[in-house]
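K.L.:
Sharing model.txt, compact mmCIF, C-alpha atoms and all ligand atoms:
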```txt
# COMPACT_ATOMS: atom_id res chain seq x y z
CA MET F 183 -7.18 5.56 -26.82
CA GLU F 184 -9.09 2.46 -25.77
CA ASP F 185 -9.91 2.26 -22.07
CA THR F 186 -9.62 -1.50 -21.94
CA LEU F 187 -7.57 -4.09 -23.79
CA LEU F 188 -8.23 -7.70 -24.59
CA ILE F 189 -5.80 -9.63 -22.42
CA THR F 190 -4.18 -12.58 -24.18
CA ARG F 191 -3.99 -15.70 -22.01
CA ARG F 192 -0.75 -17.66 -22.12
CA PRO F 193 -1.06 -19.92 -19.07
CA HIS F 194 1.98 -21.31 -17.27
CA GLY F 195 3.24 -24.56 -18.84
CA SER F 196 4.05 -26.17 -15.49
CA PRO F 197 2.22 -24.38 -12.69
CA THR F 198 2.94 -25.17 -9.03
CA PRO F 199 1.31 -28.55 -8.19
CA PRO F 200 -1.64 -28.30 -5.77
CA HIS F 201 0.18 -30.01 -2.86
CA ALA F 202 3.19 -27.70 -3.19
CA ARG F 203 0.88 -24.70 -3.37
CA ALA F 204 -1.00 -25.85 -0.28
CA ALA F 205 2.32 -26.11 1.61
CA LEU F 206 3.28 -22.58 0.55
CA LEU F 207 -0.11 -21.21 1.60
CA GLU F 208 0.23 -22.58 5.12
CA ASP F 209 2.55 -19.82 6.29
CA PRO F 210 3.23 -17.48 3.38
CA GLY F 211 4.61 -14.58 5.45
CA PHE F 212 4.61 -11.28 3.56
CA GLY F 213 5.92 -10.74 0.04
CA LYS F 214 8.05 -13.82 -0.42
CA VAL F 215 5.68 -16.37 -1.97
CA PHE F 216 4.42 -15.52 -5.44
CA THR F 217 1.69 -16.94 -7.63
CA ASP F 218 2.35 -18.62 -10.98
CA HIS F 219 1.31 -15.77 -13.26
CA MET F 220 1.67 -12.08 -13.94
CA VAL F 221 -0.03 -9.59 -16.22
CA THR F 222 2.06 -7.34 -18.43
CA ILE F 223 0.98 -4.48 -20.67
CA ARG F 224 3.42 -2.46 -22.75
CA TRP F 225 3.34 1.21 -23.56
CA THR F 226 5.33 2.90 -26.27
CA GLU F 227 5.22 6.40 -27.60
CA GLY F 228 3.00 6.35 -30.64
CA GLN F 229 1.39 2.96 -29.95
CA GLY F 230 0.15 3.67 -26.44
CA TRP F 231 -0.93 0.66 -24.35
CA HIS F 232 -0.71 -2.68 -26.13
CA ASP F 233 0.33 -6.34 -25.78
CA ALA F 234 -1.71 -7.15 -22.68
CA GLU F 235 -0.98 -10.68 -21.50
CA VAL F 236 -1.53 -12.99 -18.56
CA ARG F 237 1.52 -15.21 -18.59
CA ALA F 238 3.91 -17.22 -16.47
CA ARG F 239 5.65 -15.08 -13.84
CA GLU F 240 9.26 -14.86 -14.95
CA PRO F 241 12.20 -12.42 -14.94
CA PHE F 242 12.04 -9.45 -17.32
CA GLN F 243 14.58 -8.98 -20.03
CA LEU F 244 15.77 -5.46 -19.44
CA ASP F 245 18.43 -3.56 -21.29
CA PRO F 246 21.12 -2.41 -18.81
CA ALA F 247 20.41 1.12 -20.02
CA ALA F 248 16.69 0.85 -19.15
CA ALA F 249 15.70 4.22 -17.68
CA VAL F 250 14.23 2.71 -14.50
CA LEU F 251 17.64 1.34 -13.54
CA HIS F 252 19.23 4.79 -13.68
CA TYR F 253 16.64 7.44 -12.98
CA ALA F 254 14.08 5.44 -10.99
CA GLN F 255 11.00 6.09 -13.10
CA GLU F 256 8.86 3.59 -11.20
CA ILE F 257 5.50 3.63 -9.42
CA PHE F 258 3.48 0.94 -7.70
CA GLU F 259 0.26 0.11 -5.89
CA GLY F 260 -0.80 -2.37 -3.26
CA LEU F 261 -4.24 -3.90 -2.71
CA LYS F 262 -5.71 -7.18 -1.54
CA ALA F 263 -8.13 -9.80 -2.83
CA TYR F 264 -10.11 -11.78 -0.27
CA ARG F 265 -12.03 -15.03 -0.50
CA THR F 266 -15.31 -14.50 1.34
CA ARG F 267 -17.27 -17.01 3.38
CA GLY F 268 -19.77 -17.08 0.51
CA ASN F 269 -16.86 -18.16 -1.74
CA ASP F 270 -16.77 -14.92 -3.72
CA VAL F 271 -13.51 -13.15 -4.48
CA VAL F 272 -13.55 -9.46 -3.68
CA LEU F 273 -11.24 -6.46 -3.92
CA PHE F 274 -11.37 -3.47 -1.60
CA ARG F 275 -11.79 -0.07 -3.31
CA PRO F 276 -9.66 -0.96 -6.36
CA ASP F 277 -10.98 2.18 -8.09
CA ALA F 278 -9.15 4.25 -5.47
CA ASN F 279 -5.88 2.46 -6.25
CA ALA F 280 -6.49 2.95 -9.97
CA ARG F 281 -6.98 6.69 -9.50
CA ARG F 282 -3.93 7.01 -7.28
CA PHE F 283 -1.87 5.11 -9.85
CA VAL F 284 -2.90 7.68 -12.46
CA GLU F 285 -1.82 10.47 -10.12
CA SER F 286 1.48 8.82 -9.26
CA ALA F 287 2.13 8.38 -13.00
CA ALA F 288 1.44 12.04 -13.66
CA ARG F 289 3.90 13.11 -10.96
CA MET F 290 6.61 10.84 -12.34
CA ALA F 291 6.02 11.93 -15.97
CA MET F 292 4.83 8.43 -16.89
CA PRO F 293 1.90 7.43 -19.12
CA GLN F 294 -1.42 7.11 -17.35
CA ILE F 295 -3.13 3.74 -17.52
CA PRO F 296 -6.92 4.08 -17.77
CA PRO F 297 -8.55 2.89 -14.52
CA ALA F 298 -10.65 0.31 -16.42
CA MET F 299 -7.47 -1.21 -17.91
CA PHE F 300 -5.78 -1.22 -14.49
CA LEU F 301 -8.76 -3.00 -12.95
CA GLY F 302 -9.05 -5.41 -15.90
CA ALA F 303 -5.41 -6.46 -15.45
CA ILE F 304 -5.89 -7.08 -11.73
CA GLU F 305 -9.06 -9.08 -12.26
CA ALA F 306 -7.41 -11.19 -14.98
CA LEU F 307 -4.59 -12.13 -12.61
CA VAL F 308 -6.93 -12.83 -9.69
CA ARG F 309 -9.07 -15.09 -11.90
CA THR F 310 -6.04 -16.95 -13.23
CA ASP F 311 -4.43 -17.45 -9.82
CA ALA F 312 -7.61 -17.70 -7.72
CA ASP F 313 -6.40 -20.96 -6.18
CA TRP F 314 -3.60 -18.96 -4.54
CA ILE F 315 -5.96 -16.91 -2.39
CA PRO F 316 -5.37 -18.15 1.16
CA THR F 317 -8.36 -18.59 3.41
CA SER F 318 -6.89 -18.67 6.92
CA GLU F 319 -7.63 -15.88 9.42
CA GLY F 320 -6.07 -12.55 8.44
CA SER F 321 -4.69 -13.81 5.14
CA SER F 322 -5.33 -12.56 1.62
CA LEU F 323 -3.84 -12.29 -1.84
CA TYR F 324 -1.73 -9.15 -2.00
CA LEU F 325 -1.66 -7.58 -5.47
CA ARG F 326 1.23 -5.46 -6.60
CA PRO F 327 0.62 -3.46 -9.78
CA PHE F 328 3.64 -1.44 -10.87
CA MET F 329 5.10 0.37 -13.86
CA ILE F 330 8.72 0.80 -14.95
CA ALA F 331 10.47 2.80 -17.66
CA THR F 332 12.09 0.26 -19.98
CA GLU F 333 13.51 2.45 -22.72
CA ALA F 334 17.27 2.01 -23.23
CA PHE F 335 18.42 5.61 -23.13
CA LEU F 336 20.66 7.46 -20.72
CA GLY F 337 19.49 10.96 -21.56
CA VAL F 338 17.47 12.59 -18.81
CA ARG F 339 13.84 12.91 -19.91
CA PRO F 340 10.65 10.89 -19.49
CA ALA F 341 11.15 7.50 -21.18
CA HIS F 342 9.28 6.55 -24.33
CA GLU F 343 8.69 2.89 -23.33
CA TYR F 344 7.16 1.33 -20.24
CA ILE F 345 5.92 -1.96 -18.85
CA PHE F 346 2.90 -2.10 -16.56
CA CYS F 347 2.85 -5.34 -14.59
CA VAL F 348 0.78 -6.99 -11.87
CA ILE F 349 2.17 -9.72 -9.63
CA ALA F 350 0.50 -11.33 -6.63
CA CYS F 351 1.52 -12.96 -3.38
CA PRO F 352 -0.51 -14.84 -0.82
CA VAL F 353 0.11 -13.15 2.54
CA GLY F 354 -0.51 -13.85 6.19
CA ALA F 355 -0.48 -11.17 8.89
CA TYR F 356 1.94 -8.31 8.09
CA PHE F 357 3.67 -7.89 11.40
CA LYS F 358 5.24 -10.93 13.00
CA GLY F 359 3.45 -11.51 16.27
CA GLY F 360 0.05 -10.52 14.84
CA ALA F 361 -1.67 -7.48 16.31
CA LYS F 362 1.01 -6.81 18.92
CA PRO F 363 1.56 -3.03 19.21
CA VAL F 364 4.56 -1.73 17.28
CA THR F 365 7.39 0.37 18.60
CA VAL F 366 8.28 3.29 16.37
CA TRP F 367 11.40 5.38 15.95
CA VAL F 368 11.06 9.13 15.35
CA SER F 369 13.89 10.06 13.05
CA ASP F 370 15.54 13.40 13.52
CA ALA F 371 18.25 12.80 10.97
CA TYR F 372 16.11 11.90 7.97
CA THR F 373 12.94 13.11 6.28
CA ARG F 374 10.74 11.30 3.77
CA ALA F 375 9.23 13.99 1.58
CA ALA F 376 9.74 17.68 0.98
CA PRO F 377 7.17 20.24 -0.22
CA GLY F 378 7.08 20.04 -4.00
CA GLY F 379 8.65 16.56 -3.93
CA THR F 380 7.21 13.12 -4.55
CA GLY F 381 5.73 12.36 -1.12
CA ALA F 382 2.18 11.97 -2.43
CA ALA F 383 3.23 9.62 -5.25
CA LYS F 384 3.58 5.92 -4.59
CA CYS F 385 7.03 5.56 -6.12
CA GLY F 386 9.90 3.27 -5.29
CA GLY F 387 12.24 6.22 -4.87
CA ASN F 388 10.42 7.32 -1.72
CA TYR F 389 11.06 3.90 -0.24
CA ALA F 390 14.72 3.84 -1.30
CA ALA F 391 15.19 7.15 0.53
CA SER F 392 13.46 5.81 3.65
CA LEU F 393 15.51 2.63 4.07
CA VAL F 394 18.41 4.16 5.97
CA ALA F 395 15.94 5.66 8.45
CA GLN F 396 14.18 2.30 8.71
CA ALA F 397 17.55 0.68 9.40
CA GLU F 398 18.15 3.26 12.14
CA ALA F 399 14.76 2.34 13.61
CA ILE F 400 15.67 -1.35 13.66
CA LYS F 401 19.05 -0.57 15.25
CA ASN F 402 17.15 1.18 18.03
CA GLY F 403 14.91 -1.80 18.61
CA CYS F 404 11.94 -0.33 16.73
CA ASP F 405 9.67 -1.85 14.07
CA GLN F 406 9.01 1.21 11.97
CA VAL F 407 10.16 4.78 11.48
CA VAL F 408 8.01 7.91 11.88
CA PHE F 409 8.93 10.87 9.71
CA LEU F 410 8.57 14.51 10.67
CA ASP F 411 8.04 17.28 8.13
CA ALA F 412 11.08 18.25 6.07
CA ALA F 413 10.74 22.02 6.43
CA GLN F 414 10.61 22.38 10.22
CA HIS F 415 11.26 18.88 11.53
CA ARG F 416 8.39 19.45 13.82
CA TYR F 417 5.14 17.94 12.57
CA VAL F 418 4.39 14.24 12.39
CA GLU F 419 3.78 13.15 8.80
CA GLU F 420 3.63 9.38 8.44
CA LEU F 421 5.57 6.14 8.67
CA GLY F 422 7.73 4.78 5.86
CA GLY F 423 4.73 3.02 4.35
CA MET F 424 1.75 3.76 6.59
CA ASN F 425 -0.36 6.73 7.64
CA VAL F 426 -0.79 7.59 11.30
CA PHE F 427 -3.74 8.41 13.59
CA PHE F 428 -4.05 9.67 17.17
CA VAL F 429 -7.01 9.00 19.47
CA PHE F 430 -7.78 11.37 22.37
CA ASP F 431 -9.61 10.95 25.67
CA ASP F 432 -12.62 12.91 24.36
CA GLY F 433 -12.92 10.48 21.43
CA THR F 434 -11.39 12.86 18.89
CA LEU F 435 -9.39 11.32 16.07
CA VAL F 436 -6.47 13.30 14.62
CA THR F 437 -4.44 12.56 11.50
CA PRO F 438 -1.96 14.77 9.64
CA PRO F 439 -3.47 16.55 6.62
CA LEU F 440 -2.63 15.58 3.04
CA GLY F 441 -0.84 18.32 1.21
CA GLY F 442 1.77 16.83 -1.06
CA THR F 443 4.15 15.32 1.46
CA ILE F 444 1.89 12.55 2.72
CA LEU F 445 0.74 9.51 0.77
CA PRO F 446 -3.06 9.60 0.49
CA GLY F 447 -3.79 6.14 1.89
CA VAL F 448 -6.94 4.28 0.95
CA THR F 449 -6.97 2.86 4.48
CA ARG F 450 -6.57 6.38 5.91
CA ASP F 451 -9.51 7.62 3.82
CA SER F 452 -11.65 4.63 4.80
CA ILE F 453 -10.96 5.15 8.51
CA LEU F 454 -11.83 8.85 8.23
CA THR F 455 -15.14 7.89 6.64
CA LEU F 456 -15.95 5.20 9.23
CA ALA F 457 -15.05 7.52 12.12
CA ARG F 458 -17.06 10.48 10.79
CA ASP F 459 -20.10 8.28 10.20
CA ALA F 460 -19.76 6.90 13.72
CA GLY F 461 -20.17 10.47 14.95
CA LEU F 462 -16.58 10.88 16.11
CA THR F 463 -14.86 14.24 15.87
CA VAL F 464 -12.21 13.89 13.19
CA GLU F 465 -9.48 16.44 12.62
CA GLU F 466 -7.05 16.45 9.74
CA ARG F 467 -4.55 18.82 11.23
CA LEU F 468 -0.88 19.40 11.91
CA TYR F 469 0.26 17.51 14.99
CA SER F 470 3.74 18.20 16.30
CA PHE F 471 6.09 15.75 17.93
CA GLU F 472 6.15 18.12 20.94
CA GLU F 473 2.36 17.81 21.28
CA TRP F 474 2.63 14.06 20.91
CA GLN F 475 5.05 13.86 23.83
CA ALA F 476 3.00 16.25 25.98
CA ASP F 477 -0.32 14.51 25.22
CA ALA F 478 1.15 11.11 25.99
CA ALA F 479 2.54 12.43 29.28
CA SER F 480 -0.74 14.06 30.33
CA GLY F 481 -2.75 10.98 29.36
CA ARG F 482 -4.93 13.00 26.99
CA LEU F 483 -3.62 10.84 24.16
CA ARG F 484 -5.15 7.41 24.61
CA GLU F 485 -4.13 5.58 21.44
CA ALA F 486 -2.08 5.90 18.30
CA PHE F 487 -2.08 3.61 15.32
CA ALA F 488 -0.54 3.24 11.89
CA CYS F 489 -2.60 2.11 8.91
CA GLY F 490 -2.16 0.83 5.39
CA THR F 491 -3.32 -1.97 3.13
CA ALA F 492 -0.62 -4.42 4.15
CA ALA F 493 -0.94 -4.14 7.94
CA VAL F 494 -4.51 -2.68 8.05
CA LEU F 495 -4.31 -1.08 11.55
CA ALA F 496 -1.30 -1.50 13.83
CA ALA F 497 -1.38 -0.04 17.32
CA ILE F 498 1.64 2.06 18.26
CA GLY F 499 2.64 1.07 21.79
CA GLU F 500 5.95 2.82 22.28
CA ILE F 501 7.81 5.74 20.74
CA ARG F 502 11.58 6.06 20.81
CA HIS F 503 13.67 9.01 19.70
CA ALA F 504 17.15 10.42 20.18
CA GLY F 505 16.03 12.10 23.42
CA GLY F 506 14.27 9.18 25.09
CA ALA F 507 11.16 7.02 24.89
CA PHE F 508 7.53 7.03 25.96
CA LYS F 509 4.51 4.75 25.83
CA ILE F 510 0.90 5.24 24.82
CA GLY F 511 -1.98 3.55 26.59
CA GLY F 512 0.42 1.50 28.68
CA GLY F 513 1.86 -0.01 25.50
CA VAL F 514 -1.21 -2.12 24.77
CA GLU F 515 -3.72 -1.82 21.93
CA GLY F 516 -6.65 0.47 22.76
CA PRO F 517 -10.37 -0.13 22.11
CA MET F 518 -10.71 2.42 19.28
CA THR F 519 -7.91 0.80 17.30
CA THR F 520 -9.52 -2.61 17.74
CA LYS F 521 -12.98 -1.31 16.87
CA LEU F 522 -11.89 0.47 13.70
CA ARG F 523 -9.85 -2.54 12.57
CA ASP F 524 -12.79 -4.89 13.16
CA GLN F 525 -15.13 -2.56 11.30
CA LEU F 526 -12.79 -2.18 8.34
CA THR F 527 -11.82 -5.85 8.05
CA GLY F 528 -15.50 -6.78 8.42
CA ILE F 529 -16.32 -4.75 5.31
CA GLN F 530 -13.23 -5.97 3.44
CA ARG F 531 -14.04 -9.62 4.09
CA CYS F 532 -17.81 -9.25 3.63
CA THR F 533 -18.67 -10.35 7.16
CA ALA F 534 -20.26 -6.91 7.73
CA PRO F 535 -22.51 -4.78 5.51
CA ASP F 536 -20.83 -2.46 3.00
CA PRO F 537 -22.87 0.77 3.02
CA TYR F 538 -20.22 2.60 0.97
CA GLY F 539 -20.00 0.28 -2.03
CA TRP F 540 -16.30 -0.25 -1.29
CA VAL F 541 -16.26 -3.96 -2.03
CA HIS F 542 -15.74 -4.97 -5.65
CA LYS F 543 -16.72 -8.51 -6.51
CA VAL F 544 -14.43 -10.11 -9.10
CA ASP F 545 -16.30 -11.73 -11.98
CA MET F 546 -14.69 -15.18 -11.95
CA GLU F 547 -16.04 -16.10 -15.40
CA GLY F 548 -14.52 -12.95 -16.98
C1 LIG F 601 0.93 2.78 0.40
C2 LIG F 601 1.32 3.76 1.46
C3 LIG F 601 0.48 4.08 2.53
C4 LIG F 601 -0.83 3.39 2.79
O1 LIG F 601 -1.72 3.49 1.74
P1 LIG F 601 -2.95 2.46 1.63
O2 LIG F 601 -3.65 2.88 0.39
O3 LIG F 601 -3.76 2.63 2.84
O4 LIG F 601 -2.34 1.11 1.53
C5 LIG F 601 0.91 5.04 3.42
N1 LIG F 601 2.10 5.66 3.29
C6 LIG F 601 2.94 5.35 2.29
C7 LIG F 601 4.24 6.05 2.21
C8 LIG F 601 2.58 4.40 1.34
O5 LIG F 601 3.43 4.10 0.35
```
Mind turning the file's structure into structure tokens?
Ligand SMILES: *Cc1c(COP(=O)(O)O)cnc(C)c1O

P.N.:
Amino acid sequence: MEDTLLITRRPHGSPTPPHARAALLEDPGFGKVFTDHMVTIRWTEGQGWHDAEVRAREPFQLDPAAAVLHYAQEIFEGLKAYRTRGNDVVLFRPDANARRFVESAARMAMPQIPPAMFLGAIEALVRTDADWIPTSEGSSLYLRPFMIATEAFLGVRPAHEYIFCVIACPVGAYFKGGAKPVTVWVSDAYTRAAPGGTGAAKCGGNYAASLVAQAEAIKNGCDQVVFLDAAQHRYVEELGGMNVFFVFDDGTLVTPPLGGTILPGVTRDSILTLARDAGLTVEERLYSFEEWQADAASGRLREAFACGTAAVLAAIGEIRHAGGAFKIGGGVEGPMTTKLRDQLTGIQRCTAPDPYGWVHKVDMEG
């Protein structure tokens, strides 16, 4: 099988006029403004990947029996393109997203798209819709590659037809109110991922299962939900869509270990690397909700933050649960959270050196 495909260009017949685009880019919010184009690539049993196109973003024609609509064979990714001060367009560690997409596909019994093809599709869309990359502070072009099972068949088995697609949206800051610390809800009724389940795969089904817990969080005045492990309901795992870190008074950084029930975040991995290279003690270890409460009470725990591509780093100021509530660091963002965010966003936006080769410059001539 070829690792890359020639992508046919079928530009939009009536793209958004520049003034309308400029108005949309002023305050795009998150995930509600979309660019003019999308990339689609089809996969069928026998033919493999074919029909790669950049074309106008438009609704899919899907048979009502399409497998994704019934058995949720769906995976996705999320990464950002930035316009640098030097007027380059860069992606952050897209190879890591490509690899994770392959792993998610394997877990969901879906065909694996070669990383070079995945990256080629993203670059084609970024080139086509480059004028949609916002330039204001904290903004970027969020890219959403995903794959769905399109075969019309109600039998239960891996589908024989799929569409891989990339769409893009200009985004501002993820949380309303900018870097204000978030309040999180620790759910004792719901869990996100069980051992042997799909917790490490980036699939829509995980999110569908988390929504009722997220709704419970909102009802309790919280921004996000924190999930504990499914087996013992004891250890902190992650948020609905973000990994979590704890910062102690001796400078130690703790994050729950990967092991099948936690999504291996690119942001998580990048923070671990930055922290280790800064000489901090970093522990990937089990951390119980009991410890969390005790460490917050004793003051040993100085900071906690959530991290992911969309929000980058978000300080956790307050924790609520069925039995009460407590604060960390007086409910304000701590210096380690700020420092790690500045370091990471500096690399992502090319305002700081990139010793790790994480930044991928998009060839705009392509
Ligand atoms: C995407 C995601 C994350 C964060 O991953 P990044 O690669 O850092 O964006 C964390 N947890 C879940 C459940 C996710 O889906």

K.L.:
Counting all atoms listed in the file, what is within 8 Å of F:Arg467, bar same-chain residues fewer than 4 positions away, as a ChimeraX atom specification?

P.N.:
/F:436-439

K.L.:
So which residues are close to (-12.9, -9.3, -4.9), meaning at most 12 Å away in the file's coordinates with all atoms listed in the file counted, and can you show them as a ChimeraX atom specification?

P.N.:
/F:261-266,268-276,301,304-309,312,315,322-325,529-532,540-546

K.L.:
Within 10 Å of F:Gly228, counting all atoms listed in the file, which residues show up once you throw out same-chain ones fewer than 3 positions away? Write them as a PyMOL selection string, please.

P.N.:
chain F and resi 225+231+342-343

K.L.:
Counting all atoms listed in the file, which protein, DNA or RNA residues come within 6 Å of ligand LIG 601 (chain F), given as JSON, numbers by chain?

P.N.:
{"F": [384, 422, 423, 424, 425, 445, 447, 448, 449, 450, 490, 491]}

K.L.:
Point out the residue among F:Thr310, F:Pro352, F:Gly230, F:Asn279 with the least atom-to-atom distance to F:Ala298, counting only C-alpha atoms.

P.N.:
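Using only C-alpha atoms, F:Ala298 sits closest to F:Asn279.
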
K.L.:
Which residues, written as a PDB file with C-alpha atoms, in the frame of the given file, have at least one atom at most 9 Å from F:Gln294, with only C-alpha atoms counted and residues fewer than 5 positions away on the same chain left out?

P.N.:
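Ended up saving to part_27.pdb:
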```pdb
ATOM      1  CA  PHE F 283      -1.870   5.110  -9.850  1.00  0.00           C
ATOM      2  CA  VAL F 284      -2.900   7.680 -12.460  1.00  0.00           C
ATOM      3  CA  GLU F 285      -1.820  10.470 -10.120  1.00  0.00           C
ATOM      4  CA  SER F 286       1.480   8.820  -9.260  1.00  0.00           C
ATOM      5  CA  ALA F 287       2.130   8.380 -13.000  1.00  0.00           C
ATOM      6  CA  ALA F 288       1.440  12.040 -13.660  1.00  0.00           C
TER       7      ALA F 288
END
```

K.L.:
Quick check, in Å to one decimal: how far apart do atom CA of F:Val368 and atom CA of F:Leu410 lie?

P.N.:
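So the two atoms, atom CA of F:Val368 and atom CA of F:Leu410, lie 7.6 Å apart.
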
K.L.:
Which residues, written as a VMD selection string, have at least one atom at most 8 Å from F:Leu187, with all atoms listed in the file counted and residues fewer than 6 positions away on the same chain left out?

P.N.:
chain F and resid 232 234 299

K.L.:
Just how far from atom CA of F:Gln525 is atom CA of F:Phe428, in Å to one decimal?

P.N.:
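That distance, rounded to one decimal, is 17.5 Å.
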
K.L.:
Name all residues at most 7 Å from stretch 200-216 of chain F (count all atoms listed in the file; drop same-chain ones fewer than 2 positions away) and give them as a PyMOL selection string.

P.N.:
chain F and resi 198+218+316+350-354+356

K.L.:
May I have the protein, DNA and RNA residues with an atom at most 12 Å from (19.2, -3.3, -25.4), counting only C-alpha atoms in the file's coordinates, returned as a list in words?

P.N.:
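I get Gln243, Leu244, Asp245, Pro246, Ala247, Ala248, Ala249, Thr332, Glu333, Ala334, Phe335 and Leu336 of chain F for the residues within 12 Å of that point.
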
K.L.:
If I take atom CA of F:Phe258 and atom CA of F:Arg282, how far is one from the other in Å, to one decimal?

P.N.:
9.6 Å

K.L.:
Which one is closest to F:Ala382: F:Ile444, F:Ile349, F:Ala303, F:Met292? Count only C-alpha atoms.

P.N.:
F:Ile444
